[in-house]
file entry-v8.tsv (TSV, C-alpha atoms)
chain	number	residue	atom	x	y	z
A	1	MET	CA	-4.44	-8.75	-11.27
A	2	ALA	CA	-5.48	-5.66	-9.33
A	3	ASN	CA	-8.00	-5.96	-6.50
A	4	TYR	CA	-10.48	-3.22	-5.72
A	5	GLY	CA	-12.98	-2.45	-2.98
A	6	LEU	CA	-15.79	0.07	-2.66
A	7	ILE	CA	-16.21	2.70	0.04
A	8	LYS	CA	-19.12	5.07	0.52
A	9	ASN	CA	-18.49	8.60	-0.72
A	10	THR	CA	-17.90	11.08	2.07
A	11	PHE	CA	-19.76	13.74	0.11
A	12	GLY	CA	-22.69	12.93	-2.13
A	13	ASP	CA	-24.19	9.61	-3.14
A	14	GLY	CA	-22.64	6.44	-4.47
A	15	PHE	CA	-19.40	4.62	-3.76
A	16	THR	CA	-15.77	5.10	-4.74
A	17	ALA	CA	-13.37	2.33	-5.76
A	18	ILE	CA	-10.03	1.86	-4.00
A	19	VAL	CA	-7.49	-0.26	-5.91
A	20	TYR	CA	-5.11	-2.58	-4.04
A	21	PRO	CA	-2.21	-3.80	-6.23
A	22	GLU	CA	-1.06	-7.33	-5.42
A	23	LYS	CA	2.65	-6.48	-5.53
A	24	THR	CA	5.03	-3.58	-6.06
A	25	LEU	CA	7.83	-3.76	-8.61
A	26	ASN	CA	10.83	-1.87	-7.26
A	27	THR	CA	14.36	-1.68	-8.65
A	28	GLU	CA	15.68	-4.60	-6.60
A	29	ARG	CA	12.86	-6.94	-7.65
A	30	LEU	CA	13.16	-5.87	-11.30
A	31	LEU	CA	16.89	-6.58	-11.29
A	32	ASP	CA	16.29	-10.05	-9.83
A	33	ILE	CA	13.70	-10.78	-12.53
A	34	MET	CA	16.12	-9.70	-15.25
A	35	VAL	CA	18.89	-11.90	-13.83
A	36	ASP	CA	16.50	-14.87	-13.59
A	37	LYS	CA	15.69	-14.50	-17.30
A	38	GLY	CA	19.20	-15.65	-18.07
A	39	THR	CA	20.67	-12.44	-19.43
A	40	THR	CA	24.43	-12.47	-19.99
A	41	LEU	CA	24.68	-9.33	-17.85
A	42	THR	CA	25.40	-9.76	-14.15
A	43	LYS	CA	23.34	-8.03	-11.49
A	44	THR	CA	26.26	-5.65	-10.94
A	45	ASP	CA	26.17	-4.77	-14.66
A	46	LEU	CA	22.42	-4.18	-14.52
A	47	VAL	CA	22.74	-1.97	-11.44
A	48	ALA	CA	25.30	0.14	-13.30
A	49	VAL	CA	22.96	0.47	-16.31
A	50	PHE	CA	20.05	1.50	-14.08
A	51	ASN	CA	22.19	4.08	-12.32
A	52	ILE	CA	23.27	5.58	-15.65
A	53	ILE	CA	19.66	5.75	-16.88
A	54	ASN	CA	18.49	7.42	-13.66
A	55	GLU	CA	21.40	9.87	-13.74
A	56	GLU	CA	20.99	10.87	-17.39
A	57	VAL	CA	17.20	11.27	-17.19
A	58	THR	CA	17.64	13.45	-14.10
A	59	LYS	CA	20.35	15.58	-15.74
A	60	ALA	CA	18.28	16.02	-18.90
A	61	SER	CA	15.35	17.24	-16.79
A	62	GLU	CA	17.62	19.65	-14.93
A	63	ARG	CA	18.70	21.05	-18.32
A	64	GLY	CA	15.06	21.73	-19.14
A	65	GLU	CA	14.80	18.87	-21.65
A	66	THR	CA	11.67	16.74	-21.90
A	67	ILE	CA	11.80	12.94	-21.84
A	68	ASN	CA	10.05	10.79	-24.46
A	69	LEU	CA	10.39	7.09	-23.65
A	70	PRO	CA	8.13	4.07	-24.27
A	71	LEU	CA	7.31	3.92	-20.54
A	72	PHE	CA	6.72	7.60	-19.74
A	73	ASN	CA	6.88	11.13	-21.09
A	74	THR	CA	7.63	14.39	-19.30
A	75	SER	CA	6.64	17.98	-19.88
A	76	PHE	CA	7.02	21.30	-18.06
A	77	SER	CA	4.40	23.81	-16.96
A	78	ILE	CA	4.39	26.96	-14.84
A	79	SER	CA	1.67	27.66	-12.28
A	80	GLY	CA	0.86	31.10	-10.94
A	81	VAL	CA	-0.43	34.35	-12.43
A	82	PHE	CA	1.74	36.81	-14.38
A	83	ASP	CA	0.86	40.51	-14.11
A	84	GLY	CA	1.42	41.27	-17.77
A	85	PRO	CA	3.51	40.51	-20.89
A	86	MET	CA	6.57	42.20	-19.36
A	87	ASP	CA	6.38	40.21	-16.10
A	88	SER	CA	8.96	37.48	-15.44
A	89	PHE	CA	9.13	34.28	-13.46
A	90	ASP	CA	9.24	34.93	-9.71
A	91	GLY	CA	9.83	32.00	-7.37
A	92	ASN	CA	7.63	33.64	-4.72
A	93	ARG	CA	4.63	33.80	-7.07
A	94	HIS	CA	5.26	31.08	-9.63
A	95	LYS	CA	6.22	27.43	-9.63
A	96	LEU	CA	7.82	25.30	-12.33
A	97	ASN	CA	6.19	21.87	-12.53
A	98	LEU	CA	7.69	18.72	-14.02
A	99	ASN	CA	4.76	16.64	-15.29
A	100	LEU	CA	4.79	12.90	-15.91
A	101	THR	CA	2.44	11.05	-18.30
A	102	LYS	CA	2.10	7.46	-19.45
A	103	GLY	CA	4.09	6.35	-22.47
A	104	VAL	CA	2.85	4.00	-25.20
A	105	LEU	CA	3.82	0.84	-23.28
A	106	LEU	CA	2.04	1.82	-20.07
A	107	ARG	CA	-1.03	2.99	-22.00
A	108	ALA	CA	-1.19	-0.43	-23.63
A	109	ALA	CA	-0.65	-2.22	-20.30
A	110	GLU	CA	-3.46	-0.21	-18.72
A	111	LYS	CA	-5.96	-1.81	-21.08
A	112	LYS	CA	-4.83	-5.34	-20.16
A	113	VAL	CA	-5.13	-5.11	-16.35
A	114	LYS	CA	-7.64	-7.61	-14.93
A	115	LEU	CA	-9.70	-6.54	-11.91
A	116	ALA	CA	-11.10	-8.57	-9.02
A	117	LYS	CA	-13.52	-7.15	-6.46
A	118	THR	CA	-12.56	-7.71	-2.83
A	119	SER	CA	-13.42	-6.37	0.60
A	120	VAL	CA	-12.02	-2.99	1.56
A	121	VAL	CA	-8.88	-3.07	3.66
A	122	ALA	CA	-9.42	-0.55	6.43
A	123	PRO	CA	-6.49	1.85	6.84
A	124	LEU	CA	-4.74	1.85	10.20
A	125	PRO	CA	-5.10	4.84	12.51
A	126	GLN	CA	-1.90	6.85	12.52
A	127	ILE	CA	-0.71	9.52	14.95
A	128	MET	CA	1.62	12.08	13.38
A	129	GLU	CA	2.12	14.41	16.35
A	130	VAL	CA	1.01	14.90	19.95
A	131	MET	CA	0.55	18.28	21.65
A	132	ASP	CA	0.27	18.81	25.39
A	133	PHE	CA	-1.99	21.82	26.00
A	134	LYS	CA	-0.71	22.90	29.42
A	135	SER	CA	3.01	22.87	28.61
A	136	GLY	CA	2.56	23.69	24.93
A	137	SER	CA	5.13	21.03	24.04
A	138	LEU	CA	4.99	18.95	20.87
A	139	ASN	CA	5.94	15.26	20.98
A	140	ASP	CA	7.57	15.65	24.38
A	141	LEU	CA	5.59	16.20	27.59
A	142	LEU	CA	2.29	14.95	29.02
A	143	THR	CA	0.57	16.77	31.87
A	144	PRO	CA	-1.72	14.66	34.08
A	145	ASP	CA	-5.27	16.00	34.45
A	146	SER	CA	-4.70	18.34	31.50
A	147	VAL	CA	-5.55	18.07	27.80
A	148	VAL	CA	-3.67	16.30	25.02
A	149	GLU	CA	-4.28	16.43	21.28
A	150	ALA	CA	-3.29	13.65	18.89
A	151	ARG	CA	-3.21	14.62	15.21
A	152	GLY	CA	-3.04	12.27	12.26
A	153	TYR	CA	-5.27	10.01	10.21
A	154	ASN	CA	-8.20	7.67	10.94
A	155	LEU	CA	-7.96	8.47	14.65
A	156	LYS	CA	-11.64	8.79	15.55
A	157	ILE	CA	-12.40	6.59	18.55
A	158	ASP	CA	-15.43	4.52	17.65
A	159	GLY	CA	-16.86	1.05	18.23
A	160	ASP	CA	-18.53	-1.19	20.79
A	161	ASP	CA	-15.42	-3.20	21.64
A	162	PRO	CA	-14.40	-2.30	25.22
A	163	SER	CA	-10.76	-2.01	24.14
A	164	CYS	CA	-11.53	0.99	21.91
A	165	GLY	CA	-10.16	4.24	23.27
A	166	LEU	CA	-7.20	6.53	23.70
A	167	TRP	CA	-4.76	4.75	25.98
A	168	PHE	CA	-1.65	5.86	27.87
A	169	VAL	CA	0.92	3.07	28.33
A	170	ASN	CA	4.07	3.29	30.45
A	171	GLU	CA	7.30	1.28	30.40
A	172	SER	CA	6.05	-1.24	32.96
A	173	GLY	CA	2.95	-1.99	30.88
A	174	GLN	CA	0.46	0.01	32.95
A	175	GLN	CA	-2.39	1.23	30.75
A	176	LEU	CA	-4.73	4.11	31.54
A	177	LYS	CA	-7.65	5.15	29.36
A	178	SER	CA	-8.86	8.68	28.68
A	179	GLU	CA	-12.51	8.95	29.66
A	180	ILE	CA	-13.36	12.47	28.43
A	181	PHE	CA	-13.08	13.66	24.82
A	182	ILE	CA	-13.27	17.29	23.71
A	183	GLU	CA	-12.95	16.48	20.01
A	184	ASN	CA	-13.13	13.09	18.35
A	185	LYS	CA	-12.42	13.32	14.63
A	186	PRO	CA	-10.51	11.18	12.11
A	187	SER	CA	-7.82	13.88	11.84
A	188	LYS	CA	-7.71	14.93	15.49
A	189	VAL	CA	-8.56	13.51	18.90
A	190	THR	CA	-8.50	15.94	21.84
A	191	ALA	CA	-8.95	14.38	25.27
A	192	PHE	CA	-8.17	14.74	28.97
A	193	VAL	CA	-5.02	13.08	30.25
A	194	PRO	CA	-5.79	10.73	33.18
A	195	ALA	CA	-4.81	12.30	36.50
A	196	ALA	CA	-3.22	9.01	37.61
A	197	LEU	CA	-0.29	9.24	35.17
A	198	THR	CA	2.93	8.93	37.18
A	199	PRO	CA	6.33	10.46	36.32
A	200	GLY	CA	8.20	8.55	33.65
A	201	VAL	CA	7.97	7.60	29.97
A	202	TRP	CA	4.58	6.94	28.36
A	203	GLN	CA	3.31	6.15	24.90
A	204	LEU	CA	-0.04	6.95	23.31
A	205	LYS	CA	-2.13	4.11	21.86
A	206	VAL	CA	-5.26	4.38	19.71
A	207	ILE	CA	-7.70	1.47	19.43
A	208	THR	CA	-10.73	2.05	17.24
A	209	GLN	CA	-13.30	0.39	15.02
A	210	HIS	CA	-13.76	3.58	13.00
A	211	SER	CA	-14.18	3.02	9.26
A	212	SER	CA	-13.81	5.78	6.68
A	213	GLY	CA	-16.31	3.88	4.54
A	214	GLY	CA	-19.12	4.22	7.10
A	215	GLY	CA	-20.22	1.82	9.84
A	216	SER	CA	-17.79	0.13	12.21
A	217	LEU	CA	-15.07	-2.44	11.67
A	218	LYS	CA	-15.60	-5.90	13.15
A	219	THR	CA	-12.04	-6.02	14.47
A	220	PRO	CA	-10.48	-2.98	16.17
A	221	LYS	CA	-7.41	-1.39	14.60
A	222	ILE	CA	-4.48	-0.52	16.88
A	223	PHE	CA	-1.75	2.08	16.54
A	224	VAL	CA	0.95	2.86	19.11
A	225	TYR	CA	2.72	6.19	18.67
A	226	PRO	CA	6.44	5.26	18.63
A	227	MET	CA	7.70	8.48	20.26
A	228	ASP	CA	8.24	8.54	24.01
A	229	LEU	CA	6.22	11.12	25.95
A	230	ARG	CA	7.42	12.25	29.40
A	231	VAL	CA	5.54	12.94	32.58
A	232	VAL	CA	7.76	15.00	34.89
call {"tool": "encode", "arguments": {"input": "entry-v8.tsv", "output": "structure tokens"}}
result
Amino acid sequence: MANYGLIKNTFGDGFTAIVYPEKTLNTERLLDIMVDKGTTLTKTDLVAVFNIINEEVTKASERGETINLPLFNTSFSISGVFDGPMDSFDGNRHKLNLNLTKGVLLRAAEKKVKLAKTSVVAPLPQIMEVMDFKSGSLNDLLTPDSVVEARGYNLKIDGDDPSCGLWFVNESGQQLKSEIFIENKPSKVTAFVPAALTPGVWQLKVITQHSSGGGSLKTPKIFVYPMDLRVV
């Protein structure tokens, strides 16, 4: 069973479906399933077989061979423009691509998947990097009464909940909120650093009800940037 939810298109009319698989089958889980089926092979034996398959498929690809298996097929293509029939591959202008397509088993499985509609799971805000404007440092310093820029995903500060905002939290648990925003976008939030920040280690926290599907979330989403930022 695969669940799906609908979000409003950012551009144009209509809605787009987002699919949420119930589980993920990784190597470890697959090995456990195979052992539970009562095979005469031990888990150690199966691990060795998997390693050989992975190694040989990788080596074959490195030799320029294509793979044709019931689960998947591979092919090669080259992107980039050649100047003429006498031109040759140039790594600065061209790129070799290893392409992967569904094999006969996965094409058959695709037709058997059952779908169930569910509510959309809102993605968490996520800070990828923080820049301090005055010092020019990245993921290091904070300057009180200056400007900081958090870059990432789903960062836009939005919502009626009083907890929503860009917060600065120190080691003792003190929390200060930025009151002035220069930019407030999903990919980037630029704001003034509170003047009351004292020397020490601080972390940046985003609390928002922003929803990429339009409207506002009922419950705020919280993300705390794990890197320590210093006020000197």
call {"tool": "residues_around", "arguments": {"input": "entry-v8.tsv", "residues": "region 85-102 of chain A", "least_positions_apart": "6", "cutoff": "12 Å", "atoms": "all atoms listed in the file", "output": "list in words"}}
result
Thr58, Ala60, Ser61, Glu62, Gly64, Glu65, Thr66, Ile67, Asn68, Leu69, Pro70, Leu71, Phe72, Asn73, Thr74, Ser75, Phe76, Ser77, Ile78, Ser79, Ala108, Ala109 and Glu110 of chain A
call {"tool": "atom_distance", "arguments": {"input": "entry-v8.tsv", "atom1": "CA of Thr27 (chain A)", "atom2": "CA of Phe50 (chain A)"}}
result
8.5 Å
call {"tool": "residues_around", "arguments": {"input": "entry-v8.tsv", "residues": "Glu171 (chain A)", "least_positions_apart": "4", "cutoff": "10 Å", "atoms": "all atoms listed in the file", "output": "JSON, numbers by chain"}}
result
{"A": [175, 200, 201, 202, 203, 228]}
call {"tool": "closest_residue", "arguments": {"input": "entry-v8.tsv", "among": "A:Thr190, A:Gln126, A:Thr208, A:Thr219", "to": "Tyr153 (chain A)", "atoms": "all atoms listed in the file"}}
result
A:Gln126
call {"tool": "closest_residue", "arguments": {"input": "entry-v8.tsv", "among": "A:Leu197, A:Val169, A:Leu155, A:Ile18", "to": "Ser119 (chain A)", "atoms": "only C-alpha atoms"}}
result
A:Ile18
call {"tool": "residues_around", "arguments": {"input": "entry-v8.tsv", "residues": "Lys112 (chain A)", "least_positions_apart": "4", "cutoff": "12 Å", "atoms": "all atoms listed in the file", "output": "ChimeraX atom specification"}}
result
/A:1-2,105-108
call {"tool": "write_last_selection", "arguments": {"input": "entry-v8.tsv", "atoms": "C-alpha atoms", "output": "compact mmCIF listing (two decimals), in the coordinates of the input"}}
result
# COMPACT_ATOMS: atom_id res chain seq x y z
CA MET A 1 -4.44 -8.75 -11.27
CA ALA A 2 -5.48 -5.66 -9.33
CA LEU A 105 3.82 0.84 -23.28
CA LEU A 106 2.04 1.82 -20.07
CA ARG A 107 -1.03 2.99 -22.00
CA ALA A 108 -1.19 -0.43 -23.63
call {"tool": "closest_residue", "arguments": {"input": "entry-v8.tsv", "among": "A:Val57, A:Thr42, A:Ala116, A:Ser211", "to": "Gly5 (chain A)", "atoms": "only C-alpha atoms"}}
result
A:Ala116
call {"tool": "atom_distance", "arguments": {"input": "entry-v8.tsv", "atom1": "CA of Val147 (chain A)", "atom2": "CA of Val193 (chain A)"}}
result
5.6 Å
call {"tool": "residues_near_point", "arguments": {"input": "entry-v8.tsv", "point": "(-17.0, 10.6, 28.8)", "cutoff": "12 Å", "atoms": "all atoms listed in the file", "output": "MDAnalysis selection string"}}
result
chainID A and resid 157 165:166 177:184 191:192
call {"tool": "closest_residue", "arguments": {"input": "entry-v8.tsv", "among": "A:Phe223, A:Phe15, A:Tyr4, A:Phe133", "to": "Cys164 (chain A)", "atoms": "only C-alpha atoms"}}
result
A:Phe223
call {"tool": "atom_distance", "arguments": {"input": "entry-v8.tsv", "atom1": "CA of Asp158 (chain A)", "atom2": "CA of Pro199 (chain A)"}}
result
29.3 Å
call {"tool": "residues_near_point", "arguments": {"input": "entry-v8.tsv", "point": "(6.2, 4.6, 17.7)", "cutoff": "12 Å", "atoms": "only C-alpha atoms", "output": "PyMOL selection string"}}
result
chain A and resi 126-130+139+169+202-206+222-229
call {"tool": "closest_residue", "arguments": {"input": "entry-v8.tsv", "among": "A:Pro194, A:Pro144, A:Pro162, A:Gly152", "to": "Arg230 (chain A)", "atoms": "only C-alpha atoms"}}
result
A:Pro144
call {"tool": "closest_residue", "arguments": {"input": "entry-v8.tsv", "among": "A:Ile7, A:Ile52, A:Leu30, A:Leu124", "to": "Ile207 (chain A)", "atoms": "only C-alpha atoms"}}
result
A:Leu124
